[in-house]
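Listing of input_6.cif, mmCIF, C-alpha atoms
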data_my_file
#
loop_
_atom_site.label_atom_id
_atom_site.label_comp_id
_atom_site.auth_asym_id
_atom_site.auth_seq_id
_atom_site.Cartn_x
_atom_site.Cartn_y
_atom_site.Cartn_z
CA MET A 1 125.63 340.57 111.39
CA LYS A 2 125.55 337.25 109.57
CA GLY A 3 122.34 336.24 107.88
CA ASN A 4 120.49 333.12 108.85
CA LEU A 5 121.68 330.40 106.49
CA CYS A 6 119.23 327.80 107.75
CA THR A 7 116.35 326.98 105.46
CA GLU A 8 113.07 326.23 107.14
CA VAL A 9 111.63 322.91 106.08
CA THR A 10 107.89 322.49 106.47
CA PHE A 11 105.68 319.49 105.86
CA GLU A 12 102.04 319.83 104.90
CA LEU A 13 100.31 316.48 105.32
CA ASP A 14 97.08 315.77 103.48
CA PHE A 15 94.70 313.70 105.62
CA SER A 16 91.85 313.56 103.11
CA PHE A 17 90.28 310.16 102.38
CA GLY A 18 91.89 310.03 98.94
CA ALA A 19 95.35 310.83 100.34
CA ILE A 20 95.05 308.17 103.05
CA LEU A 21 93.83 305.57 100.56
CA GLY A 22 96.69 306.44 98.20
CA ALA A 23 99.25 306.17 101.02
CA ILE A 24 97.96 302.73 102.02
CA ALA A 25 98.01 301.59 98.37
CA ILE A 26 101.66 302.68 98.09
CA ALA A 27 102.55 300.70 101.23
CA TRP A 28 100.88 297.52 99.99
CA ALA A 29 102.40 297.86 96.53
CA ILE A 30 105.83 298.00 98.15
CA SER A 31 105.01 295.01 100.40
CA LEU A 32 103.97 292.65 97.59
CA ASP A 33 107.57 291.60 96.90
CA ALA A 34 108.06 290.71 100.57
CA PHE A 35 104.87 288.62 100.48
CA VAL A 36 105.96 286.74 97.35
CA CYS A 37 109.43 286.02 98.77
CA SER A 38 108.16 284.84 102.16
CA PHE A 39 105.49 282.69 100.44
CA ALA A 40 108.19 281.03 98.36
CA TYR A 41 110.38 280.44 101.42
CA GLY A 42 107.48 278.87 103.28
CA SER A 43 106.63 276.61 100.36
CA LYS A 44 110.25 275.37 100.33
CA GLY A 45 110.27 274.75 104.08
CA ILE A 46 112.53 277.73 104.85
CA LYS A 47 111.50 279.32 108.15
CA ILE A 48 111.61 283.06 108.80
CA PRO A 49 112.18 283.64 112.55
CA ILE A 50 110.40 286.65 114.04
CA LYS A 51 113.77 288.38 114.61
CA SER A 52 114.67 288.00 110.93
CA ALA A 53 111.21 289.25 109.94
CA TRP A 54 111.69 292.34 112.12
CA ILE A 55 115.11 292.99 110.59
CA ILE A 56 113.64 292.85 107.08
CA ASN A 57 110.73 295.04 108.12
CA LEU A 58 112.82 297.68 109.89
CA ILE A 59 115.44 297.93 107.12
CA CYS A 60 112.83 298.15 104.35
CA SER A 61 110.71 300.65 106.28
CA GLY A 62 113.79 302.65 107.30
CA VAL A 63 114.94 302.98 103.68
CA ILE A 64 111.44 304.01 102.62
CA GLY A 65 111.30 306.51 105.49
CA LEU A 66 114.57 308.11 104.37
CA ALA A 67 113.33 308.22 100.77
CA LEU A 68 110.06 309.83 101.87
CA PHE A 69 111.91 312.42 103.96
CA ALA A 70 114.30 313.23 101.10
CA GLY A 71 111.43 313.47 98.61
CA SER A 72 109.43 315.79 100.86
CA ILE A 73 112.43 318.15 101.11
CA ILE A 74 113.16 318.04 97.38
CA ARG A 75 109.50 318.80 96.62
CA GLN A 76 109.72 322.19 98.33
CA TYR A 77 112.30 323.37 95.78
CA ILE A 78 110.43 322.13 92.70
CA PRO A 79 107.53 323.95 90.99
CA TYR A 80 104.20 322.21 91.65
CA GLY A 81 103.52 321.05 88.09
CA PHE A 82 107.08 319.83 87.62
CA ALA A 83 106.95 317.91 90.91
CA GLU A 84 103.86 316.06 89.69
CA ALA A 85 105.63 315.20 86.43
CA ILE A 86 108.69 313.84 88.28
CA SER A 87 106.50 311.78 90.62
CA PHE A 88 104.53 310.42 87.65
CA ALA A 89 107.73 309.49 85.79
CA ILE A 90 109.25 307.64 88.76
CA LEU A 91 106.12 305.66 89.59
CA PHE A 92 105.22 304.97 85.94
CA ILE A 93 108.72 303.81 84.94
CA LEU A 94 109.01 301.61 88.03
CA GLY A 95 105.56 300.18 87.31
CA ILE A 96 106.57 299.29 83.75
CA ALA A 97 109.80 297.78 85.12
CA LYS A 98 107.80 295.58 87.50
CA LEU A 99 105.60 294.37 84.64
CA LEU A 100 108.72 293.48 82.65
CA ASP A 101 110.15 291.88 85.78
CA SER A 102 107.08 289.66 85.98
CA ILE A 103 107.64 288.50 82.40
CA THR A 104 111.34 287.89 83.08
CA ILE A 105 110.61 285.82 86.19
CA SER A 106 108.14 283.68 84.24
CA ILE A 107 110.71 283.04 81.52
CA ILE A 108 113.42 282.15 84.05
CA ARG A 109 111.12 279.70 85.82
CA LYS A 110 110.17 277.99 82.55
CA HIS A 111 113.77 277.82 81.33
CA SER A 112 115.92 277.15 84.39
CA ALA A 113 119.07 276.93 82.25
CA ILE A 114 118.91 280.71 81.81
CA ASN A 115 119.86 281.12 85.45
CA LYS A 116 123.23 279.46 84.82
CA GLU A 117 123.99 281.66 81.83
CA ILE A 118 123.59 285.03 83.55
CA LYS A 119 127.10 286.46 83.93
CA PHE A 120 126.46 290.16 84.58
CA SER A 121 125.53 292.15 87.64
CA LEU A 122 124.01 295.63 87.73
CA LEU A 123 122.71 297.15 90.96
CA ASN A 124 122.23 293.63 92.36
CA PHE A 125 120.03 292.76 89.37
CA LYS A 126 121.55 289.27 88.97
CA PHE A 127 121.07 288.55 92.65
CA ILE A 128 117.47 289.72 92.63
CA LEU A 129 116.63 287.70 89.51
CA ASN A 130 118.04 284.53 91.07
CA LEU A 131 116.35 285.31 94.35
CA TYR A 132 112.88 285.64 92.87
CA ALA A 133 113.28 282.80 90.38
CA ASN A 134 114.72 280.43 93.02
CA PRO A 135 113.88 281.89 96.45
CA GLU A 136 115.49 279.00 98.31
CA GLN A 137 118.87 280.45 97.27
CA ALA A 138 118.39 283.10 99.95
CA ASP A 139 119.11 280.34 102.47
CA ILE A 140 122.84 280.45 101.73
CA ASP A 141 123.94 277.99 104.43
CA GLY A 142 121.17 275.49 103.61
CA SER A 143 119.91 275.52 107.20
CA LYS A 144 116.24 275.92 106.17
CA ILE A 145 116.15 278.98 108.45
CA LEU A 146 116.60 282.54 107.23
CA SER A 147 119.36 283.79 109.54
CA MET A 148 119.76 287.42 110.58
CA PRO A 149 122.67 288.11 108.15
CA GLU A 150 120.66 286.50 105.32
CA ALA A 151 117.67 288.64 106.34
CA VAL A 152 119.82 291.78 106.01
CA SER A 153 120.85 290.80 102.46
CA LEU A 154 117.23 290.11 101.52
CA ALA A 155 116.05 293.39 103.07
CA LEU A 156 118.61 295.40 101.10
CA ALA A 157 117.48 293.74 97.86
CA LEU A 158 113.81 294.37 98.64
CA SER A 159 114.55 298.00 99.59
CA LEU A 160 115.65 299.01 96.09
CA ASP A 161 112.09 299.38 94.80
CA GLY A 162 110.95 301.04 98.02
CA LEU A 163 113.68 303.65 97.69
CA ALA A 164 112.42 304.79 94.30
CA VAL A 165 108.73 304.51 95.21
CA GLY A 166 109.19 306.45 98.45
CA LEU A 167 111.06 309.24 96.70
CA GLY A 168 108.51 309.48 93.91
CA ALA A 169 105.54 309.33 96.26
CA ALA A 170 106.89 312.09 98.52
CA ILE A 171 107.69 314.35 95.57
CA GLY A 172 104.09 313.76 94.49
CA ASN A 173 102.92 315.02 97.90
CA ALA A 174 101.86 311.67 99.39
CA ASN A 175 101.21 311.70 103.12
CA ILE A 176 104.66 310.52 104.25
CA LEU A 177 103.55 309.77 107.81
CA ILE A 178 100.76 307.42 106.75
CA VAL A 179 102.93 305.80 104.05
CA PHE A 180 105.68 305.08 106.60
CA ILE A 181 103.33 303.70 109.28
CA SER A 182 101.38 301.68 106.71
CA THR A 183 104.63 300.23 105.36
CA LEU A 184 105.72 299.13 108.84
CA ILE A 185 102.43 297.29 109.28
CA ALA A 186 102.04 295.99 105.72
CA ASP A 187 105.59 294.61 105.47
CA MET A 188 105.27 292.62 108.70
CA ILE A 189 101.86 291.26 107.70
CA ALA A 190 103.17 290.37 104.24
CA LEU A 191 106.20 288.52 105.64
CA LEU A 192 104.31 286.53 108.26
CA ALA A 193 101.24 285.82 106.11
CA GLY A 194 103.37 284.85 103.12
CA ALA A 195 105.50 282.42 105.15
CA PHE A 196 102.41 280.89 106.78
CA LEU A 197 100.49 280.43 103.52
CA GLY A 198 103.59 279.15 101.73
CA ASN A 199 104.18 276.59 104.45
CA LYS A 200 100.56 275.45 104.20
CA ALA A 201 100.91 275.07 100.45
CA GLY A 202 103.59 272.48 101.12
CA LYS A 203 105.22 272.75 97.70
CA LYS A 204 106.67 275.34 95.37
CA ILE A 205 103.96 277.24 93.55
CA PRO A 206 104.85 279.63 90.67
CA PHE A 207 103.48 282.59 92.62
CA ASN A 208 104.31 285.91 90.99
CA LEU A 209 102.70 289.24 91.91
CA SER A 210 105.16 291.56 90.17
CA TRP A 211 102.49 292.33 87.59
CA LEU A 212 100.08 293.44 90.34
CA CYS A 213 102.73 295.64 91.92
CA GLY A 214 103.44 297.16 88.50
CA ALA A 215 99.75 297.78 87.86
CA LEU A 216 99.35 299.48 91.25
CA LEU A 217 102.35 301.74 90.68
CA ILE A 218 101.13 302.75 87.21
CA SER A 219 97.68 303.51 88.67
CA LEU A 220 99.29 305.60 91.41
CA ALA A 221 101.33 307.44 88.78
CA PHE A 222 98.20 308.49 86.88
CA SER A 223 96.44 309.41 90.13
CA GLN A 224 98.87 312.35 90.39
CA PHE A 225 96.74 314.17 87.83
CA LEU A 226 93.34 313.52 89.39
#

What is this structure when it is put down as structure tokens?
Amino acid sequence: MKGNLCTEVTFELDFSFGAILGAIAIAWAISLDAFVCSFAYGSKGIKIPIKSAWIINLICSGVIGLALFAGSIIRQYIPYGFAEAISFAILFILGIAKLLDSITISIIRKHSAINKEIKFSLLNFKFILNLYANPEQADIDGSKILSMPEAVSLALALSLDGLAVGLGAAIGNANILIVFISTLIADMIALLAGAFLGNKAGKKIPFNLSWLCGALLISLAFSQFL
């Protein structure tokens, strides 16, 4: 008689106050990029239709959901202490990267000629740099409306950070259900609020929250050991 080759996968969700607060912090850290982008679009008069906002939200949240699910499975095959170390490394490294990203964006904005000299592309890095430095470039057809295909491209770019954060958070035993639900809510609020506030600003403002996202991720990394 053949043995059962199926491995039972179980999920233990922590609903303590600290776990819930951490899950919400992860969601908002991920959503900061969406807020900054939508704010910049609004300040340049680029509208984000509700359908495009939903596409961005669903793609970003879907990618994070897959990363959370994968991380929660991987965690079950990793010793507890080692899982914490992996989670710390992912969140800490990404946090440092976001801080460096903030510096890079500031340099690009001060020296616009740098944009024209970038000739390489690595994991969409060139595209993302141009996107954050000059957000109006996301409006490829110049229609002043972020179309659905353009929203898909933006969502894929924004999802790169969420993929790593979701994986690291789940390996670190974050409450994947609350992170996923919080991300769905936070992303939509960030997109709509950013576009509204950007439109009210009426002009391009050098608004950069990458440093805050980086600081949050580094804080979350160290919280693994509390």

(message) With distances taken over only C-alpha atoms, which residue among A:Gly45, A:Gly214, A:Gly71, A:Gly194 lies nearest A:Ala174?
(response) A:Gly71

(request) Using atom CA of A:Ser72 and atom CA of A:Ala27 as the two end points, give the distance in Å to one decimal. (result)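 These atoms are spaced 16.6 Å apart.
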
(message) Ranking A:Gly172, A:Gly95, A:Gly162, A:Gly198 by minimum distance to A:Arg75 and counting all atoms listed in the file, which one comes first?
(response) A:Gly172

(request) Go ahead and compute the interatomic distance for atom CA of A:Ile185 and atom CA of A:Gly166, in Å to one decimal. (result) 15.7 Å

Mind running stretch 17-126 of chain A against stretch 215-219 of chain A at 7 Å and telling me each contacting residue's nearest atom pair with the distance in Å (one decimal), counting all atoms listed in the file, chain and number ascending, as a tab-separated table?
residue	atom	partner	partner_atom	distance
A:Ala29	CA	A:Leu216	CA	6.3
A:Leu91	CA	A:Leu217	CA	5.5
A:Phe92	CA	A:Ile218	CA	4.8
A:Gly95	CA	A:Leu217	CA	4.9

(request) Please indicate the distance in Å from atom CA of A:Ser159 to atom CA of A:Ile93, rounded to one decimal place. (result)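 Straight-line distance from atom CA of A:Ser159 to atom CA of A:Ile93 works out to 16.8 Å.
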